[in-house]
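The next block holds one structure in the form of structure tokens; read it before the comments.
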Amino acid sequence: MPFTFEKTFIDGLVVVKSRIFPDGRGFFMETYKESDFISNGINLPFVQDNHSMSSKGILRGLHFQRGIHAQGKLVRVTSGSVWDVAVDLRPESQTFRRWFGLELNSVSGIMIYMPPGFAHGFVTLEDNTEFLYKCTAEYNAESDGGIRWDDPDIAVQWPLTEVSVSAKDNNLPFLKDINCRELW
């Protein structure tokens with residue numbers, strides 16, 4: 001099997017590591033194989049792929065989609081590195097409001113899978129960082145939502161003190177101002 005699947009302390013949030021096959025020409029790795037993911041409990045179909053590129057210190061998030069458009073995501077970095085964060089917004093979860101963060105980079109083969117019900121964000125740690133994510137639902141503008149990246153009730157420990165955040169992300173609501181029971 002080309003993958004290892006490691007459960008985290010948040011139910012449903014999984015760190016996935018691809019086996020990398022290096023040789024004199026470079027390397028080869030599988031980044032997704034439906035049968036392996038299904039056999040490890042990740043069985044929602046992926047229907048949209050997204051790709052972003054950012055300079056160092058760009059913070060994107062914390063984003064989610066609500067209702068029937070809620071997205072599960074499989075995220076990875078193809079160039080550079082990020083500090084990636086998932087926040088559990090499932091009110092019935094024992095880890096509701098808790099976050100998980102992990103550095104993802106282009107050489108480790110590490111990815112994160114988060115099921116629907118999470119807010120997601122990342123900050124780039126290097127210039128020209130490219131980030132890819134597979135989504136289990138297509139983007140829907142009316143279902144777009146998010147929470148502030150610096151929400152004190154969540155208290156994500158971002159590794160950079162100086163970050164650049166879009167006006168949209170800086171104006172997202174705090175978690176205390178959202179009724180999470182109405183999101184999903």
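Ordering of the structure tokens sets the chain letters (A, B, ...); residue numbers start at 1 within each chain; ligands are numbered from 1 in the order shown.
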Which residues are close to Gln48 of chain A, i.e. within 9 Å by only C-alpha atoms, leaving aside same-chain residues fewer than 6 positions away? Reply as JSON, numbers by chain. {"A": [133, 134, 135, 136, 137, 138, 139]}
Do a neighbour search on Arg66 of chain A at 9 Å with only C-alpha atoms, toss out local chain neighbours closer than 5 positions, and write the hits as a ChimeraX atom specification. /A:71,116-117,142-145,182-184
One decimal, in Å: what's the spacing between atom CA of Val123 of chain A and atom CA of Pro152 of chain A? 17.4 Å
For Lys7 of chain A, the closest of A:Phe100, A:Leu62, A:Ser35, A:Phe122 counting only C-alpha atoms is A:Phe100
With DSSP run on the backbone, what are the strand (DSSP E) residues within chain A? I'd like them as a PyMOL selection string. chain A and resi 3-7+14-18+20-23+26-29+48-54+58-65+73-79+81-88+99-105+110-114+118-124+129-135+144-146+164-165
Could you name the residues that touch Val16 of chain A at 7 Å or less, counting only C-alpha atoms, but leaving out those on the same chain fewer than 2 positions away, as an MDAnalysis selection string? chainID A and resid 3:6 14 18 110:112
Save the residues we just selected, all heavy atoms, as a PDB file, in the first residue's frame?
ATOM      1  N   PHE A   3       0.192   4.234   0.971  1.00  0.00           N
ATOM      2  CA  PHE A   3      -0.189   5.239   1.951  1.00  0.00           C
ATOM      3  C   PHE A   3      -0.184   4.668   3.359  1.00  0.00           C
ATOM      4  O   PHE A   3      -0.452   3.496   3.566  1.00  0.00           O
ATOM      5  CB  PHE A   3      -1.614   5.763   1.680  1.00  0.00           C
ATOM      6  CG  PHE A   3      -1.814   6.309   0.307  1.00  0.00           C
ATOM      7  CD1 PHE A   3      -2.411   5.546  -0.676  1.00  0.00           C
ATOM      8  CD2 PHE A   3      -1.407   7.599  -0.016  1.00  0.00           C
ATOM      9  CE1 PHE A   3      -2.609   6.046  -1.952  1.00  0.00           C
ATOM     10  CE2 PHE A   3      -1.598   8.110  -1.287  1.00  0.00           C
ATOM     11  CZ  PHE A   3      -2.198   7.336  -2.258  1.00  0.00           C
ATOM     12  N   THR A   4       0.076   5.542   4.329  1.00  0.00           N
ATOM     13  CA  THR A   4      -0.220   5.233   5.725  1.00  0.00           C
ATOM     14  C   THR A   4      -1.248   6.265   6.184  1.00  0.00           C
ATOM     15  O   THR A   4      -1.200   7.429   5.778  1.00  0.00           O
ATOM     16  CB  THR A   4       1.029   5.291   6.630  1.00  0.00           C
ATOM     17  OG1 THR A   4       1.617   6.583   6.528  1.00  0.00           O
ATOM     18  CG2 THR A   4       2.040   4.228   6.234  1.00  0.00           C
ATOM     19  N   PHE A   5      -2.183   5.819   7.003  1.00  0.00           N
ATOM     20  CA  PHE A   5      -3.265   6.662   7.495  1.00  0.00           C
ATOM     21  C   PHE A   5      -3.163   6.725   9.003  1.00  0.00           C
ATOM     22  O   PHE A   5      -3.258   5.697   9.672  1.00  0.00           O
ATOM     23  CB  PHE A   5      -4.625   6.079   7.085  1.00  0.00           C
ATOM     24  CG  PHE A   5      -4.843   6.048   5.597  1.00  0.00           C
ATOM     25  CD1 PHE A   5      -4.322   5.029   4.812  1.00  0.00           C
ATOM     26  CD2 PHE A   5      -5.573   7.046   4.971  1.00  0.00           C
ATOM     27  CE1 PHE A   5      -4.519   4.993   3.446  1.00  0.00           C
ATOM     28  CE2 PHE A   5      -5.779   7.030   3.599  1.00  0.00           C
ATOM     29  CZ  PHE A   5      -5.251   6.004   2.830  1.00  0.00           C
ATOM     30  N   GLU A   6      -2.951   7.939   9.550  1.00  0.00           N
ATOM     31  CA  GLU A   6      -2.811   8.115  10.997  1.00  0.00           C
ATOM     32  C   GLU A   6      -3.955   8.976  11.514  1.00  0.00           C
ATOM     33  O   GLU A   6      -4.094  10.136  11.108  1.00  0.00           O
ATOM     34  CB  GLU A   6      -1.476   8.787  11.325  1.00  0.00           C
ATOM     35  CG  GLU A   6      -0.271   7.988  10.889  1.00  0.00           C
ATOM     36  CD  GLU A   6       1.029   8.769  11.058  1.00  0.00           C
ATOM     37  OE1 GLU A   6       1.042   9.797  11.776  1.00  0.00           O
ATOM     38  OE2 GLU A   6       2.030   8.350  10.469  1.00  0.00           O
ATOM     39  N   VAL A  14      -7.563  12.963   9.501  1.00  0.00           N
ATOM     40  CA  VAL A  14      -6.561  11.930   9.264  1.00  0.00           C
ATOM     41  C   VAL A  14      -5.326  12.526   8.580  1.00  0.00           C
ATOM     42  O   VAL A  14      -5.446  13.288   7.619  1.00  0.00           O
ATOM     43  CB  VAL A  14      -7.142  10.808   8.365  1.00  0.00           C
ATOM     44  CG1 VAL A  14      -6.112   9.720   8.098  1.00  0.00           C
ATOM     45  CG2 VAL A  14      -8.402  10.219   8.991  1.00  0.00           C
ATOM     46  N   SER A  18       2.062   9.604   1.863  1.00  0.00           N
ATOM     47  CA  SER A  18       2.332   8.846   0.641  1.00  0.00           C
ATOM     48  C   SER A  18       3.735   8.264   0.694  1.00  0.00           C
ATOM     49  O   SER A  18       4.658   8.915   1.194  1.00  0.00           O
ATOM     50  CB  SER A  18       2.259   9.757  -0.589  1.00  0.00           C
ATOM     51  OG  SER A  18       0.964  10.189  -0.810  1.00  0.00           O
ATOM     52  N   ILE A 110       3.308  14.173   3.093  1.00  0.00           N
ATOM     53  CA  ILE A 110       2.235  14.210   4.090  1.00  0.00           C
ATOM     54  C   ILE A 110       1.077  15.065   3.586  1.00  0.00           C
ATOM     55  O   ILE A 110       1.274  16.154   3.044  1.00  0.00           O
ATOM     56  CB  ILE A 110       2.752  14.750   5.440  1.00  0.00           C
ATOM     57  CG1 ILE A 110       3.786  13.778   6.017  1.00  0.00           C
ATOM     58  CG2 ILE A 110       1.608  14.959   6.421  1.00  0.00           C
ATOM     59  CD1 ILE A 110       4.457  14.274   7.279  1.00  0.00           C
ATOM     60  N   MET A 111      -0.135  14.542   3.765  1.00  0.00           N
ATOM     61  CA  MET A 111      -1.373  15.230   3.423  1.00  0.00           C
ATOM     62  C   MET A 111      -2.289  15.167   4.642  1.00  0.00           C
ATOM     63  O   MET A 111      -2.059  14.384   5.558  1.00  0.00           O
ATOM     64  CB  MET A 111      -2.068  14.527   2.254  1.00  0.00           C
ATOM     65  CG  MET A 111      -1.233  14.442   0.992  1.00  0.00           C
ATOM     66  SD  MET A 111      -2.074  13.568  -0.347  1.00  0.00           S
ATOM     67  CE  MET A 111      -1.756  11.856   0.097  1.00  0.00           C
ATOM     68  N   ILE A 112      -3.321  15.994   4.646  1.00  0.00           N
ATOM     69  CA  ILE A 112      -4.336  15.937   5.699  1.00  0.00           C
ATOM     70  C   ILE A 112      -5.691  15.768   5.039  1.00  0.00           C
ATOM     71  O   ILE A 112      -6.002  16.473   4.063  1.00  0.00           O
ATOM     72  CB  ILE A 112      -4.337  17.205   6.576  1.00  0.00           C
ATOM     73  CG1 ILE A 112      -3.005  17.360   7.307  1.00  0.00           C
ATOM     74  CG2 ILE A 112      -5.492  17.156   7.593  1.00  0.00           C
ATOM     75  CD1 ILE A 112      -2.900  18.642   8.127  1.00  0.00           C
TER      76      ILE A 112
END
Please measure the separation of atom CA of Glu162 of chain A and atom CA of Ile58 of chain A, giving the value in Å to one decimal. 9.1 Å
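Atom CA of Asn171 of chain A to atom CA of Leu59 of chain A spans 13.6 Å [interatomic distance, one decimal].
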Please determine, counting only C-alpha atoms, which residue among A:Val163, A:Leu125, A:Leu102, A:Leu89 has the shortest atom-to-atom distance to Arg181 of chain A. A:Leu89
List the spatial neighbours of Trp83 of chain A as an MDAnalysis selection string - criterion: any atom at most 12 Å away, only C-alpha atoms, same-chain residues fewer than 4 positions off excluded. chainID A and resid 56:61 75:77 100:105 111:112 120:126 129 131 156:160
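Residue nearest Gly26 of chain A, chosen from A:Val87, A:Ser166, A:Asp127, A:Val107 and counting only C-alpha atoms: A:Val107.
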Just the residues within 10 Å of Asp151 of chain A, please, counting only C-alpha atoms, with nothing from its chain fewer than 6 positions along; format it as a short mmCIF file (atom, residue, chain, number, x, y, z; two decimals) with N, CA and C atoms, in the first residue's frame.
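Ended up saving to out22.cif:
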data_model
loop_
_atom_site.label_atom_id
_atom_site.label_comp_id
_atom_site.auth_asym_id
_atom_site.auth_seq_id
_atom_site.Cartn_x
_atom_site.Cartn_y
_atom_site.Cartn_z
N LEU A 62 -9.98 31.23 8.02
CA LEU A 62 -10.41 29.84 8.14
C LEU A 62 -11.76 29.69 7.41
N LEU A 172 -14.22 38.20 8.61
CA LEU A 172 -15.06 37.04 8.95
C LEU A 172 -15.51 37.14 10.40
N PRO A 173 -16.63 36.51 10.75
CA PRO A 173 -17.10 36.57 12.14
C PRO A 173 -16.27 35.70 13.07
N PHE A 174 -16.39 35.98 14.37
CA PHE A 174 -15.81 35.11 15.39
C PHE A 174 -16.74 33.92 15.59
N LEU A 175 -16.19 32.82 16.06
CA LEU A 175 -16.98 31.61 16.25
C LEU A 175 -18.17 31.84 17.18
N LYS A 176 -18.00 32.66 18.21
CA LYS A 176 -19.09 32.92 19.16
C LYS A 176 -20.29 33.58 18.48
#
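Closest to Ala155 of chain A among A:Cys180, A:Val85, A:Ile10, A:Met114 is A:Val85, based on only C-alpha atoms.
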Neighbouring residues of Thr95 of chain A were defined as those with any atom within 8 Å, considering only C-alpha atoms; residues of the same chain fewer than 2 positions away were excluded. Please report them as an MDAnalysis selection string. chainID A and resid 10:11 88 93 97:98
Please write the residues from the selection above to a file, keeping N, CA, C and O atoms, as a PDB file, in the first residue's frame.
ATOM      1  N   ILE A  10      -8.723  14.322  16.759  1.00  0.00           N
ATOM      2  CA  ILE A  10     -10.032  14.792  16.294  1.00  0.00           C
ATOM      3  C   ILE A  10     -10.620  13.716  15.386  1.00  0.00           C
ATOM      4  O   ILE A  10     -10.024  13.373  14.357  1.00  0.00           O
ATOM      5  N   ASP A  11     -11.788  13.208  15.770  1.00  0.00           N
ATOM      6  CA  ASP A  11     -12.430  12.134  15.021  1.00  0.00           C
ATOM      7  C   ASP A  11     -12.649  12.534  13.561  1.00  0.00           C
ATOM      8  O   ASP A  11     -13.205  13.596  13.280  1.00  0.00           O
ATOM      9  N   ASP A  88     -12.475  21.926  14.191  1.00  0.00           N
ATOM     10  CA  ASP A  88     -13.685  21.115  14.260  1.00  0.00           C
ATOM     11  C   ASP A  88     -14.884  22.006  14.596  1.00  0.00           C
ATOM     12  O   ASP A  88     -14.962  22.576  15.681  1.00  0.00           O
ATOM     13  N   SER A  93     -19.527  16.916  18.103  1.00  0.00           N
ATOM     14  CA  SER A  93     -18.211  16.295  18.265  1.00  0.00           C
ATOM     15  C   SER A  93     -17.627  16.581  19.652  1.00  0.00           C
ATOM     16  O   SER A  93     -17.788  17.678  20.193  1.00  0.00           O
ATOM     17  N   ARG A  97     -14.721  22.913  18.419  1.00  0.00           N
ATOM     18  CA  ARG A  97     -13.931  24.132  18.640  1.00  0.00           C
ATOM     19  C   ARG A  97     -12.428  23.876  18.792  1.00  0.00           C
ATOM     20  O   ARG A  97     -11.668  24.822  18.975  1.00  0.00           O
ATOM     21  N   ARG A  98     -11.994  22.644  18.738  1.00  0.00           N
ATOM     22  CA  ARG A  98     -10.552  22.372  18.855  1.00  0.00           C
ATOM     23  C   ARG A  98      -9.926  22.379  17.471  1.00  0.00           C
ATOM     24  O   ARG A  98     -10.573  22.087  16.473  1.00  0.00           O
TER      25      ARG A  98
END
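You can rank A:Leu74, A:Ile178, A:Ala119, A:Ile154 by their closest distance to Leu44 of chain A using only C-alpha atoms, and at the top of that list sits A:Leu74.
With distances restricted to only C-alpha atoms, A:Gly80 is the closest residue to Leu132 of chain A from A:Pro91, A:Pro2, A:Gly80, A:Pro22.
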Every residue of chain A that DSSP places in helix (DSSP H, G or I), as an MDAnalysis selection string: chainID A and resid 34:39 67:69 141:143 167:170 175:177 180:182
